[in-house]
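Trainee: upload.cif is reproduced in full below (mmCIF, C-alpha atoms).
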```cif
data_target
loop_
_atom_site.group_PDB
_atom_site.id
_atom_site.type_symbol
_atom_site.label_atom_id
_atom_site.label_comp_id
_atom_site.auth_asym_id
_atom_site.auth_seq_id
_atom_site.Cartn_x
_atom_site.Cartn_y
_atom_site.Cartn_z
ATOM 1 C CA MET Y 1 25.369 -11.965 -0.337
ATOM 2 C CA LYS Y 2 21.806 -13.209 -0.208
ATOM 3 C CA THR Y 3 20.313 -14.996 -3.197
ATOM 4 C CA ALA Y 4 16.926 -16.633 -3.736
ATOM 5 C CA VAL Y 5 15.424 -19.231 -6.053
ATOM 6 C CA ILE Y 6 11.696 -19.001 -6.701
ATOM 7 C CA THR Y 7 9.779 -22.262 -7.020
ATOM 8 C CA PHE Y 8 6.453 -22.429 -8.846
ATOM 9 C CA PRO Y 9 4.289 -25.540 -8.991
ATOM 10 C CA GLY Y 10 5.861 -27.362 -11.936
ATOM 11 C CA SER Y 11 9.324 -25.822 -11.679
ATOM 12 C CA ASN Y 12 11.882 -28.563 -12.214
ATOM 13 C CA CYS Y 13 15.240 -26.803 -12.466
ATOM 14 C CA ASP Y 14 14.980 -25.024 -9.125
ATOM 15 C CA ARG Y 15 17.361 -27.419 -7.396
ATOM 16 C CA ASP Y 16 19.956 -27.176 -10.181
ATOM 17 C CA MET Y 17 19.749 -23.394 -9.894
ATOM 18 C CA TRP Y 18 20.049 -23.588 -6.121
ATOM 19 C CA VAL Y 19 23.200 -25.747 -6.387
ATOM 20 C CA ALA Y 20 24.744 -23.429 -8.995
ATOM 21 C CA LEU Y 21 24.179 -20.369 -6.814
ATOM 22 C CA ARG Y 22 25.462 -22.156 -3.726
ATOM 23 C CA ASP Y 23 28.588 -23.471 -5.433
ATOM 24 C CA VAL Y 24 29.514 -20.136 -6.981
ATOM 25 C CA SER Y 25 28.529 -17.838 -4.104
ATOM 26 C CA GLY Y 26 29.546 -20.142 -1.250
ATOM 27 C CA ARG Y 27 26.250 -19.422 0.515
ATOM 28 C CA GLU Y 28 23.008 -21.349 0.435
ATOM 29 C CA PRO Y 29 20.277 -19.519 -1.483
ATOM 30 C CA VAL Y 30 16.880 -18.956 0.106
ATOM 31 C CA LYS Y 31 14.086 -21.065 -1.369
ATOM 32 C CA VAL Y 32 10.969 -19.006 -1.983
ATOM 33 C CA TRP Y 33 7.551 -20.496 -2.779
ATOM 34 C CA HIS Y 34 5.462 -18.767 -5.470
ATOM 35 C CA GLY Y 35 2.513 -18.313 -3.148
ATOM 36 C CA ASP Y 36 4.514 -16.210 -0.708
ATOM 37 C CA ALA Y 37 3.461 -12.597 -0.933
ATOM 38 C CA ASP Y 38 6.798 -11.177 0.141
ATOM 39 C CA LEU Y 39 10.426 -11.824 -0.648
ATOM 40 C CA PRO Y 40 12.900 -12.209 2.215
ATOM 41 C CA ASP Y 41 14.491 -8.897 3.181
ATOM 42 C CA GLY Y 42 17.819 -7.835 1.790
ATOM 43 C CA LEU Y 43 17.984 -10.047 -1.297
ATOM 44 C CA ASP Y 44 20.860 -9.308 -3.659
ATOM 45 C CA PHE Y 45 19.825 -11.632 -6.469
ATOM 46 C CA ILE Y 46 16.673 -13.493 -7.564
ATOM 47 C CA ALA Y 47 16.553 -16.494 -9.902
ATOM 48 C CA LEU Y 48 13.474 -17.852 -11.687
ATOM 49 C CA PRO Y 49 14.237 -21.434 -12.707
ATOM 50 C CA GLY Y 50 13.214 -23.597 -15.626
ATOM 51 C CA GLY Y 51 10.367 -26.057 -15.676
ATOM 52 C CA PHE Y 52 6.730 -26.167 -16.637
ATOM 53 C CA SER Y 53 5.034 -23.899 -14.130
ATOM 54 C CA TYR Y 54 1.304 -24.668 -13.902
ATOM 55 C CA GLY Y 55 1.742 -27.274 -16.611
ATOM 56 C CA ASP Y 56 2.184 -24.483 -19.175
ATOM 57 C CA TYR Y 57 -1.593 -23.927 -18.944
ATOM 58 C CA LEU Y 58 -2.908 -21.133 -21.177
ATOM 59 C CA ARG Y 59 0.609 -20.096 -22.301
ATOM 60 C CA SER Y 60 4.036 -20.973 -20.920
ATOM 61 C CA GLY Y 61 4.689 -18.744 -17.932
ATOM 62 C CA ALA Y 62 1.308 -16.991 -18.074
ATOM 63 C CA MET Y 63 -0.063 -18.341 -14.830
ATOM 64 C CA ALA Y 64 3.198 -17.991 -12.904
ATOM 65 C CA ALA Y 65 3.458 -14.376 -14.072
ATOM 66 C CA ASN Y 66 0.369 -13.696 -11.982
ATOM 67 C CA SER Y 67 1.573 -15.508 -8.855
ATOM 68 C CA PRO Y 68 1.532 -13.480 -5.629
ATOM 69 C CA ILE Y 69 5.347 -13.430 -5.457
ATOM 70 C CA MET Y 70 5.656 -11.776 -8.873
ATOM 71 C CA ARG Y 71 4.456 -8.421 -7.539
ATOM 72 C CA SER Y 72 7.363 -8.410 -5.104
ATOM 73 C CA ILE Y 73 9.767 -9.526 -7.823
ATOM 74 C CA LYS Y 74 8.637 -6.681 -10.110
ATOM 75 C CA ALA Y 75 9.133 -4.212 -7.283
ATOM 76 C CA ALA Y 76 12.595 -5.631 -6.553
ATOM 77 C CA ALA Y 77 13.558 -5.475 -10.245
ATOM 78 C CA ASP Y 78 12.385 -1.860 -10.367
ATOM 79 C CA ARG Y 79 14.695 -1.113 -7.429
ATOM 80 C CA GLY Y 80 17.582 -2.588 -9.432
ATOM 81 C CA VAL Y 81 17.870 -6.002 -7.806
ATOM 82 C CA PRO Y 82 19.312 -8.401 -10.430
ATOM 83 C CA VAL Y 83 16.802 -10.992 -11.650
ATOM 84 C CA LEU Y 84 17.704 -13.991 -13.820
ATOM 85 C CA GLY Y 85 15.067 -16.063 -15.611
ATOM 86 C CA ILE Y 86 16.135 -19.302 -17.265
ATOM 87 C CA CYS Y 87 13.904 -21.125 -19.753
ATOM 88 C CA ASN Y 88 10.481 -21.146 -18.075
ATOM 89 C CA GLY Y 89 11.825 -18.289 -15.948
ATOM 90 C CA PHE Y 90 12.399 -16.299 -19.167
ATOM 91 C CA GLN Y 91 8.846 -17.105 -20.269
ATOM 92 C CA VAL Y 92 7.546 -15.889 -16.902
ATOM 93 C CA LEU Y 93 9.541 -12.631 -17.170
ATOM 94 C CA THR Y 94 8.096 -11.860 -20.631
ATOM 95 C CA GLU Y 95 4.568 -12.721 -19.536
ATOM 96 C CA ALA Y 96 5.014 -10.512 -16.479
ATOM 97 C CA GLY Y 97 6.155 -7.611 -18.654
ATOM 98 C CA LEU Y 98 9.634 -7.453 -17.115
ATOM 99 C CA LEU Y 99 11.143 -8.250 -20.516
ATOM 100 C CA PRO Y 100 9.741 -7.423 -23.965
ATOM 101 C CA GLY Y 101 8.519 -9.946 -26.517
ATOM 102 C CA ALA Y 102 7.107 -13.429 -26.165
ATOM 103 C CA LEU Y 103 8.263 -17.039 -26.411
ATOM 104 C CA MET Y 104 6.261 -19.079 -28.858
ATOM 105 C CA ARG Y 105 6.172 -22.752 -29.821
ATOM 106 C CA ASN Y 106 9.437 -23.822 -31.494
ATOM 107 C CA ALA Y 107 9.206 -23.327 -35.242
ATOM 108 C CA GLY Y 108 9.824 -27.033 -35.846
ATOM 109 C CA GLN Y 109 7.035 -27.948 -33.376
ATOM 110 C CA THR Y 110 9.336 -30.313 -31.503
ATOM 111 C CA PHE Y 111 10.835 -30.200 -28.028
ATOM 112 C CA ILE Y 112 14.552 -29.430 -28.411
ATOM 113 C CA CYS Y 113 16.951 -30.965 -25.898
ATOM 114 C CA ARG Y 114 20.615 -30.673 -26.797
ATOM 115 C CA THR Y 115 23.698 -28.560 -26.277
ATOM 116 C CA VAL Y 116 23.867 -25.495 -28.509
ATOM 117 C CA THR Y 117 26.556 -22.942 -29.232
ATOM 118 C CA LEU Y 118 25.799 -19.379 -28.199
ATOM 119 C CA ALA Y 119 27.550 -16.180 -29.170
ATOM 120 C CA VAL Y 120 28.003 -13.861 -26.203
ATOM 121 C CA GLU Y 121 26.801 -10.614 -27.747
ATOM 122 C CA ASN Y 122 27.310 -8.287 -24.813
ATOM 123 C CA THR Y 123 30.186 -8.767 -22.390
ATOM 124 C CA GLN Y 124 29.564 -5.517 -20.527
ATOM 125 C CA SER Y 125 26.455 -6.618 -18.654
ATOM 126 C CA LEU Y 126 26.171 -7.634 -15.002
ATOM 127 C CA PHE Y 127 25.551 -11.198 -16.145
ATOM 128 C CA THR Y 128 28.212 -11.584 -18.832
ATOM 129 C CA SER Y 129 31.248 -9.580 -17.713
ATOM 130 C CA ARG Y 130 33.399 -12.688 -17.231
ATOM 131 C CA TYR Y 131 33.024 -13.718 -20.859
ATOM 132 C CA GLU Y 132 35.399 -12.523 -23.587
ATOM 133 C CA ALA Y 133 34.174 -10.278 -26.380
ATOM 134 C CA GLY Y 134 33.218 -12.412 -29.372
ATOM 135 C CA GLU Y 135 33.301 -15.600 -27.324
ATOM 136 C CA GLN Y 136 31.202 -18.635 -28.203
ATOM 137 C CA ILE Y 137 30.005 -20.952 -25.444
ATOM 138 C CA ASN Y 138 28.255 -24.311 -25.276
ATOM 139 C CA ILE Y 139 25.118 -24.451 -23.146
ATOM 140 C CA PRO Y 140 22.255 -26.987 -23.072
ATOM 141 C CA VAL Y 141 18.742 -26.086 -24.164
ATOM 142 C CA ALA Y 142 15.603 -28.056 -23.280
ATOM 143 C CA HIS Y 143 12.389 -26.391 -24.350
ATOM 144 C CA HIS Y 144 9.272 -26.560 -26.466
ATOM 145 C CA ASP Y 145 8.431 -22.857 -26.385
ATOM 146 C CA GLY Y 146 11.680 -21.010 -27.001
ATOM 147 C CA ASN Y 147 10.870 -19.254 -30.251
ATOM 148 C CA TYR Y 148 11.511 -15.630 -29.347
ATOM 149 C CA PHE Y 149 9.193 -13.134 -30.977
ATOM 150 C CA ALA Y 150 9.106 -9.349 -30.837
ATOM 151 C CA ASP Y 151 8.098 -6.807 -33.456
ATOM 152 C CA GLU Y 152 10.800 -5.306 -35.679
ATOM 153 C CA GLU Y 153 10.852 -2.012 -33.798
ATOM 154 C CA THR Y 154 11.413 -3.781 -30.483
ATOM 155 C CA LEU Y 155 14.111 -6.003 -32.009
ATOM 156 C CA ASP Y 156 15.915 -2.967 -33.433
ATOM 157 C CA ARG Y 157 15.772 -1.260 -30.055
ATOM 158 C CA LEU Y 158 17.127 -4.355 -28.281
ATOM 159 C CA GLU Y 159 19.982 -4.627 -30.761
ATOM 160 C CA GLY Y 160 20.740 -0.910 -30.718
ATOM 161 C CA ASP Y 161 20.875 -0.780 -26.938
ATOM 162 C CA GLY Y 162 23.092 -3.860 -26.607
ATOM 163 C CA ARG Y 163 20.322 -5.762 -24.891
ATOM 164 C CA VAL Y 164 20.766 -8.976 -26.856
ATOM 165 C CA ALA Y 165 22.934 -10.901 -24.408
ATOM 166 C CA PHE Y 166 23.139 -14.227 -26.237
ATOM 167 C CA ARG Y 167 22.411 -15.405 -29.743
ATOM 168 C CA TYR Y 168 22.219 -18.941 -31.170
ATOM 169 C CA VAL Y 169 25.145 -19.438 -33.536
ATOM 170 C CA GLU Y 170 22.998 -21.801 -35.599
ATOM 171 C CA ALA Y 171 19.241 -21.351 -35.890
ATOM 172 C CA CYS Y 172 17.691 -23.359 -33.073
ATOM 173 C CA ASN Y 173 13.986 -22.807 -32.584
ATOM 174 C CA GLY Y 174 12.861 -20.111 -35.013
ATOM 175 C CA SER Y 175 13.705 -17.192 -32.714
ATOM 176 C CA ARG Y 176 13.689 -13.812 -34.383
ATOM 177 C CA ARG Y 177 17.282 -12.878 -35.183
ATOM 178 C CA ASP Y 178 18.373 -16.071 -33.371
ATOM 179 C CA ILE Y 179 17.969 -14.350 -30.021
ATOM 180 C CA ALA Y 180 18.616 -16.655 -27.057
ATOM 181 C CA GLY Y 181 18.724 -14.149 -24.198
ATOM 182 C CA ILE Y 182 17.881 -10.491 -23.589
ATOM 183 C CA LEU Y 183 18.356 -7.812 -20.957
ATOM 184 C CA ASN Y 184 15.869 -5.250 -19.697
ATOM 185 C CA ALA Y 185 16.512 -1.541 -20.209
ATOM 186 C CA GLY Y 186 18.115 -1.232 -16.780
ATOM 187 C CA GLY Y 187 20.462 -4.153 -17.453
ATOM 188 C CA ASN Y 188 19.499 -5.862 -14.183
ATOM 189 C CA VAL Y 189 17.072 -8.434 -15.613
ATOM 190 C CA LEU Y 190 18.265 -11.220 -17.925
ATOM 191 C CA GLY Y 191 16.055 -13.833 -19.520
ATOM 192 C CA MET Y 192 17.471 -16.679 -21.597
ATOM 193 C CA MET Y 193 16.233 -20.035 -22.873
ATOM 194 C CA PRO Y 194 19.509 -22.009 -22.542
ATOM 195 C CA HIS Y 195 20.415 -23.467 -19.144
ATOM 196 C CA PRO Y 196 23.753 -22.167 -17.778
ATOM 197 C CA GLU Y 197 23.019 -23.889 -14.450
ATOM 198 C CA ARG Y 198 23.335 -27.215 -16.271
ATOM 199 C CA ALA Y 199 26.891 -26.401 -17.325
ATOM 200 C CA ILE Y 200 28.790 -25.300 -14.249
ATOM 201 C CA GLU Y 201 31.233 -28.181 -13.819
ATOM 202 C CA ASP Y 202 33.095 -30.478 -16.189
ATOM 203 C CA ASP Y 203 31.064 -33.480 -15.065
ATOM 204 C CA HIS Y 204 28.099 -31.806 -16.726
ATOM 205 C CA GLY Y 205 29.869 -32.120 -20.047
ATOM 206 C CA GLY Y 206 30.982 -28.514 -19.977
ATOM 207 C CA SER Y 207 31.295 -25.588 -17.608
ATOM 208 C CA ASP Y 208 30.667 -22.609 -19.889
ATOM 209 C CA GLY Y 209 27.643 -21.589 -17.810
ATOM 210 C CA ARG Y 210 29.670 -21.086 -14.663
ATOM 211 C CA ARG Y 211 31.039 -17.693 -15.657
ATOM 212 C CA LEU Y 212 27.516 -16.293 -15.971
ATOM 213 C CA PHE Y 213 27.045 -16.944 -12.264
ATOM 214 C CA GLU Y 214 30.574 -15.759 -11.498
ATOM 215 C CA SER Y 215 29.813 -12.559 -13.410
ATOM 216 C CA ILE Y 216 26.624 -11.657 -11.617
ATOM 217 C CA LEU Y 217 27.591 -12.946 -8.183
ATOM 218 C CA GLY Y 218 31.069 -11.431 -8.511
ATOM 219 C CA GLU Y 219 29.513 -8.057 -9.304
ATOM 220 C CA LEU Y 220 27.549 -8.249 -6.070
ATOM 221 C CA VAL Y 221 30.482 -8.975 -3.784
ATOM 222 C CA MET G 222 -24.010 -14.729 -19.103
ATOM 223 C CA LYS G 223 -21.927 -16.848 -21.430
ATOM 224 C CA ILE G 224 -18.880 -15.277 -23.035
ATOM 225 C CA ARG G 225 -16.615 -16.624 -25.700
ATOM 226 C CA ILE G 226 -13.134 -15.176 -26.015
ATOM 227 C CA HIS G 227 -11.601 -15.849 -29.400
ATOM 228 C CA VAL G 228 -7.813 -15.600 -29.234
ATOM 229 C CA SER G 229 -5.866 -15.607 -32.494
ATOM 230 C CA LEU G 230 -2.286 -14.942 -33.532
ATOM 231 C CA LYS G 231 -1.725 -11.452 -34.881
ATOM 232 C CA PRO G 232 -1.241 -11.095 -38.623
ATOM 233 C CA GLY G 233 2.471 -11.271 -39.323
ATOM 234 C CA VAL G 234 3.196 -13.653 -36.468
ATOM 235 C CA LEU G 235 4.250 -16.960 -37.986
ATOM 236 C CA ASP G 236 2.079 -19.898 -37.002
ATOM 237 C CA PRO G 237 4.170 -23.049 -37.495
ATOM 238 C CA GLN G 238 1.381 -25.173 -36.063
ATOM 239 C CA GLY G 239 -1.075 -23.775 -38.600
ATOM 240 C CA ARG G 240 1.425 -24.349 -41.368
ATOM 241 C CA ALA G 241 1.890 -27.990 -40.335
ATOM 242 C CA VAL G 242 -1.875 -28.503 -40.300
ATOM 243 C CA HIS G 243 -2.162 -26.794 -43.680
ATOM 244 C CA HIS G 244 0.422 -29.199 -45.028
ATOM 245 C CA ALA G 245 -1.458 -32.156 -43.514
ATOM 246 C CA LEU G 246 -4.737 -31.046 -45.114
ATOM 247 C CA GLU G 247 -3.024 -30.901 -48.478
ATOM 248 C CA GLY G 248 -1.573 -34.342 -47.800
ATOM 249 C CA LEU G 249 -5.117 -35.617 -47.306
ATOM 250 C CA GLY G 250 -5.991 -34.311 -50.731
ATOM 251 C CA PHE G 251 -8.022 -31.228 -49.755
ATOM 252 C CA ALA G 252 -7.405 -28.679 -52.477
ATOM 253 C CA GLY G 253 -7.913 -24.927 -52.269
ATOM 254 C CA VAL G 254 -6.923 -24.403 -48.632
ATOM 255 C CA GLU G 255 -5.030 -21.134 -48.786
ATOM 256 C CA ASP G 256 -4.018 -20.649 -45.184
ATOM 257 C CA VAL G 257 -4.489 -22.180 -41.722
ATOM 258 C CA ARG G 258 -4.159 -20.218 -38.499
ATOM 259 C CA ILE G 259 -4.717 -21.858 -35.148
ATOM 260 C CA GLY G 260 -6.127 -19.949 -32.198
ATOM 261 C CA ARG G 261 -7.836 -20.628 -28.916
ATOM 262 C CA LEU G 262 -11.424 -20.420 -27.739
ATOM 263 C CA ILE G 263 -12.063 -19.647 -24.087
ATOM 264 C CA GLU G 264 -15.613 -19.926 -22.730
ATOM 265 C CA LEU G 265 -16.517 -18.000 -19.608
ATOM 266 C CA GLU G 266 -19.673 -18.069 -17.523
ATOM 267 C CA VAL G 267 -19.869 -14.672 -15.814
ATOM 268 C CA ALA G 268 -22.356 -12.681 -13.744
ATOM 269 C CA ASP G 269 -24.853 -10.790 -15.922
ATOM 270 C CA ASP G 270 -23.658 -7.439 -14.648
ATOM 271 C CA THR G 271 -20.027 -8.052 -15.645
ATOM 272 C CA SER G 272 -18.906 -4.923 -17.485
ATOM 273 C CA ASP G 273 -17.318 -4.815 -20.906
ATOM 274 C CA ALA G 274 -14.374 -3.072 -19.286
ATOM 275 C CA ALA G 275 -13.877 -5.987 -16.903
ATOM 276 C CA LEU G 276 -13.980 -8.477 -19.799
ATOM 277 C CA THR G 277 -11.426 -6.427 -21.722
ATOM 278 C CA ASP G 278 -9.258 -6.285 -18.628
ATOM 279 C CA MET G 279 -9.374 -10.091 -18.284
ATOM 280 C CA CYS G 280 -8.189 -10.456 -21.869
ATOM 281 C CA GLU G 281 -5.431 -7.868 -21.543
ATOM 282 C CA LYS G 282 -4.090 -9.149 -18.233
ATOM 283 C CA LEU G 283 -4.295 -12.895 -18.707
ATOM 284 C CA LEU G 284 -6.384 -14.508 -21.423
ATOM 285 C CA ALA G 285 -4.411 -13.144 -24.377
ATOM 286 C CA ASN G 286 -0.775 -12.144 -24.761
ATOM 287 C CA THR G 287 -1.172 -8.955 -26.751
ATOM 288 C CA VAL G 288 2.444 -9.069 -27.915
ATOM 289 C CA ILE G 289 1.507 -11.907 -30.249
ATOM 290 C CA GLU G 290 -2.258 -12.359 -30.017
ATOM 291 C CA ASN G 291 -5.488 -10.540 -30.817
ATOM 292 C CA TYR G 292 -8.722 -11.305 -29.013
ATOM 293 C CA ARG G 293 -12.410 -10.867 -29.728
ATOM 294 C CA ILE G 294 -15.107 -10.936 -27.063
ATOM 295 C CA GLU G 295 -18.392 -12.565 -28.050
ATOM 296 C CA LYS G 296 -21.474 -12.463 -25.820
ATOM 297 C CA VAL G 297 -23.316 -15.672 -26.595
ATOM 298 C CA GLY G 298 -27.031 -15.158 -27.189
ATOM 299 C CA ALA G 299 -26.821 -11.418 -26.591
#
```
What is this structure when it is put down as structure tokens?

Mentor:
Amino acid sequence: MKTAVITFPGSNCDRDMWVALRDVSGREPVKVWHGDADLPDGLDFIALPGGFSYGDYLRSGAMAANSPIMRSIKAAADRGVPVLGICNGFQVLTEAGLLPGALMRNAGQTFICRTVTLAVENTQSLFTSRYEAGEQINIPVAHHDGNYFADEETLDRLEGDGRVAFRYVEACNGSRRDIAGILNAGGNVLGMMPHPERAIEDDHGGSDGRRLFESILGELV
Amino acid sequence: MKIRIHVSLKPGVLDPQGRAVHHALEGLGFAGVEDVRIGRLIELEVADDTSDAALTDMCEKLLANTVIENYRIEKVGA
């Protein structure tokens, strides 16, 4: 299995993501720089990490969404390669049009850095199959722009198609319908604001994020 | 040619920043402020033969996020 972590200027969770993928898959992920035009051949999984790519200039994720590597990532996603975007990675995926909606400034205007409880809303997806139906998990969030917005029609479609993967159990940042993570129509792209890669071993204060990686990497074996 | 791109939140999209500023204006004693919406102004200096289509394309692809924002293109001095 070949996995990759994309690094943009300003990414700061790329190493945590790299360690999570290595520990769960048993193989070292490839590190890919945003300015590379092409992805390595034969990738089975692509992760876009958290951080503040390009200093959040213009809008969070807007500049990174137009990086050279994003064209290759869109093409890979269209072919069905699983793509995971965490936090800034989620913002990049929405700005790039790989996921619907947008992530706006938190409703309370403040940066939120704490562990939150999420409801796993869909346990049938590539990314969530190792969670139990109705399960609640504890995962850290750390963001200023995590307020998920989409119009009512889009929200209804996401809900109807089972594309809401995670929801905040208690309102966190003003997100419409408390949405914390969503899937694309093909089910192979997941974007979420919380950081599962920061909760993969007990020393992190919890390991509820580990099964997300076990789900997706297990599906690929 | 100087261009100003006015980017604003779409009607219906909550603007917590605007609301906080509205509240602060009231706190300063300014009466009669009914609403505050905060947007962004982007100034471009472009070649005179830059087409309207190209300017629209710049807004659609990068300068505005049309999921949440509207934009207006102003040609300064035109």

Trainee: When distances are computed from all atoms listed in the file, which of G:Asp256, G:Glu290, G:Glu295, G:Asp270 shows the smallest separation from Ile224 in chain G?

Mentor: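 Nearest candidate to Ile224 in chain G out of G:Asp256, G:Glu290, G:Glu295, G:Asp270: G:Glu295.
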
Trainee: If we count only C-alpha atoms, which residues of chain Y reach to within 8 Å of chain G? Please list them as a PyMOL selection string.

Mentor: chain Y and resi 58+62-63+95+101-102+105+107-109+149-150

Trainee: At a cut-off of 9 Å, using only C-alpha atoms, what residues contact range 7-9 of chain Y? Leave out same-chain residues fewer than 6 positions from it and give the result as a list in words.

Mentor: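 The neighbour list is Lys31, Val32, Trp33, His34, Gly35, Leu48, Pro49, Gly51, Phe52, Ser53, Tyr54, Gly55, Ala64 and Ser67 of chain Y.
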
Trainee: Using Å and a single decimal, report how far CA of Met193 in chain Y sits from CA of Ile86 in chain Y.

Mentor: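 Spanning CA of Ile86 in chain Y to CA of Met193 in chain Y is a straight-line distance of 5.7 Å.
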
Trainee: Take the PyMOL selection byres ((chain Y and resi 133-147) around 8), run it mentally on this structure, and tell me the resulting residues as JSON, numbers by chain.

Mentor: {"Y": [60, 87, 103, 104, 105, 106, 107, 109, 110, 111, 112, 113, 114, 115, 116, 117, 118, 119, 120, 121, 122, 123, 131, 132, 148, 149, 173, 174, 175, 176, 193, 194, 195, 196, 198, 199, 206, 208, 209]}

Trainee: Quick one: residues within 12 Å of Asn291 in chain G, all atoms listed in the file, excluding same-chain residues fewer than 6 positions away - as a list in words?

Mentor: Ile226, His227, Val228, Ser229, Leu230, Lys231, Pro232, Gly233, Val234, Gly260, Arg261, Leu262, Thr277, Cys280, Glu281, Leu284 and Ala285 of chain G

Trainee: Would you work out the distance separating CA of Asp38 in chain Y from CA of Lys74 in chain Y, expressed in Å to one decimal?

Mentor: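 Rounded to one decimal, the two atoms are 11.3 Å apart.
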
Trainee: Could you tell me which residues the PyMOL selection byres ((chain G and resi 269) around 12) returns for this structure, as number ranges by chain?

Mentor: G: 222-224, 265-268, 270-273, 276, 296-297, 299

Trainee: Please produce a file of the residues just selected, as a PDB file, in the coordinates of the input, where the atoms kept are C-alpha atoms.

Mentor:
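Here's the written file result_6.pdb:
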```pdb
ATOM      1  CA  MET G 222     -24.010 -14.729 -19.103  1.00  0.00           C
ATOM      2  CA  LYS G 223     -21.927 -16.848 -21.430  1.00  0.00           C
ATOM      3  CA  ILE G 224     -18.880 -15.277 -23.035  1.00  0.00           C
ATOM      4  CA  LEU G 265     -16.517 -18.000 -19.608  1.00  0.00           C
ATOM      5  CA  GLU G 266     -19.673 -18.069 -17.523  1.00  0.00           C
ATOM      6  CA  VAL G 267     -19.869 -14.672 -15.814  1.00  0.00           C
ATOM      7  CA  ALA G 268     -22.356 -12.681 -13.744  1.00  0.00           C
ATOM      8  CA  ASP G 270     -23.658  -7.439 -14.648  1.00  0.00           C
ATOM      9  CA  THR G 271     -20.027  -8.052 -15.645  1.00  0.00           C
ATOM     10  CA  SER G 272     -18.906  -4.923 -17.485  1.00  0.00           C
ATOM     11  CA  ASP G 273     -17.318  -4.815 -20.906  1.00  0.00           C
ATOM     12  CA  LEU G 276     -13.980  -8.477 -19.799  1.00  0.00           C
ATOM     13  CA  LYS G 296     -21.474 -12.463 -25.820  1.00  0.00           C
ATOM     14  CA  VAL G 297     -23.316 -15.672 -26.595  1.00  0.00           C
ATOM     15  CA  ALA G 299     -26.821 -11.418 -26.591  1.00  0.00           C
TER      16      ALA G 299
END
```

Trainee: Quick check, in Å to one decimal: how far apart do CA of Tyr57 in chain Y and CA of Gly239 in chain G lie?

Mentor: 19.7 Å

Trainee: Compile the contact shell of Val83 in chain Y as a list in words: residues with an atom at most 8 Å away, counting only C-alpha atoms, same-chain residues fewer than 4 positions apart removed.

Mentor: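 Returned residues: Phe45, Ile46, Ala47, Leu48, Ala77, Asn188, Val189 and Leu190 of chain Y.
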
Trainee: Quick one: of G:Gly248, G:Asp278, G:Tyr292, G:Arg225, who's nearest to Glu264 in chain G, counting only C-alpha atoms?

Mentor: G:Arg225

Trainee: Find the smallest box with edges along x, y and z containing every listed atom of range 226-235 of chain G, then add 4 Å on each side and report centre and edge lengths in Å to one decimal, as JSON.

Mentor:
```
{"center_x": -4.4, "center_y": -14.0, "center_z": -32.7, "size_x": 25.4, "size_y": 13.9, "size_z": 21.3}
```

Trainee: Identify, on the basis of all atoms listed in the file, every residue whose closest approach to Val164 in chain Y does not exceed 8 Å; exclude the query and any residue fewer than 5 positions from it along the same chain; express the result as a list of chain:residue names.

Mentor: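 Counting only the stated atoms, we get Y:Glu121, Y:Asn122, Y:Leu158, Y:Glu159, Y:Ile179, Y:Ala180, Y:Gly181, Y:Ile182, Y:Leu183.
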
Trainee: Taking the file above as input, evaluate the PyMOL selection byres ((chain Y and resi 2) around 12) and report the hits as a VMD selection string.

Mentor: chain Y and resid 1 3 to 5 21 to 22 25 to 31 39 to 47 81 to 82 217 220 to 221

Trainee: From the block I gave, I'd like range 285-294 of chain G written with N, CA and C atoms, as a CSV table (one decimal), in the first residue's frame.

Mentor:
```
chain,number,residue,atom,x,y,z
G,285,ALA,N,-13.1,35.4,-5.4
G,285,ALA,CA,-14.3,35.2,-4.5
G,285,ALA,C,-14.6,33.8,-4.4
G,286,ASN,N,-15.2,33.4,-3.3
G,286,ASN,CA,-15.7,32.0,-3.2
G,286,ASN,C,-17.2,32.1,-3.4
G,287,THR,N,-17.7,31.7,-4.6
G,287,THR,CA,-19.1,32.0,-4.9
G,287,THR,C,-20.1,31.1,-4.2
G,288,VAL,N,-19.6,30.2,-3.3
G,288,VAL,CA,-20.5,29.5,-2.5
G,288,VAL,C,-21.1,30.4,-1.4
G,289,ILE,N,-20.2,31.3,-1.0
G,289,ILE,CA,-20.6,32.2,0.1
G,289,ILE,C,-20.5,33.7,-0.2
G,290,GLU,N,-19.9,34.0,-1.3
G,290,GLU,CA,-19.6,35.5,-1.6
G,290,GLU,C,-20.1,35.9,-3.0
G,291,ASN,N,-20.5,37.2,-3.0
G,291,ASN,CA,-20.8,37.8,-4.3
G,291,ASN,C,-19.6,38.8,-4.6
G,292,TYR,N,-19.5,39.1,-5.8
G,292,TYR,CA,-18.4,40.1,-6.2
G,292,TYR,C,-19.0,41.1,-7.2
G,293,ARG,N,-18.3,42.3,-7.2
G,293,ARG,CA,-18.7,43.3,-8.1
G,293,ARG,C,-17.4,43.9,-8.7
G,294,ILE,N,-17.3,44.0,-10.0
G,294,ILE,CA,-16.1,44.5,-10.6
G,294,ILE,C,-16.3,46.0,-11.0
```
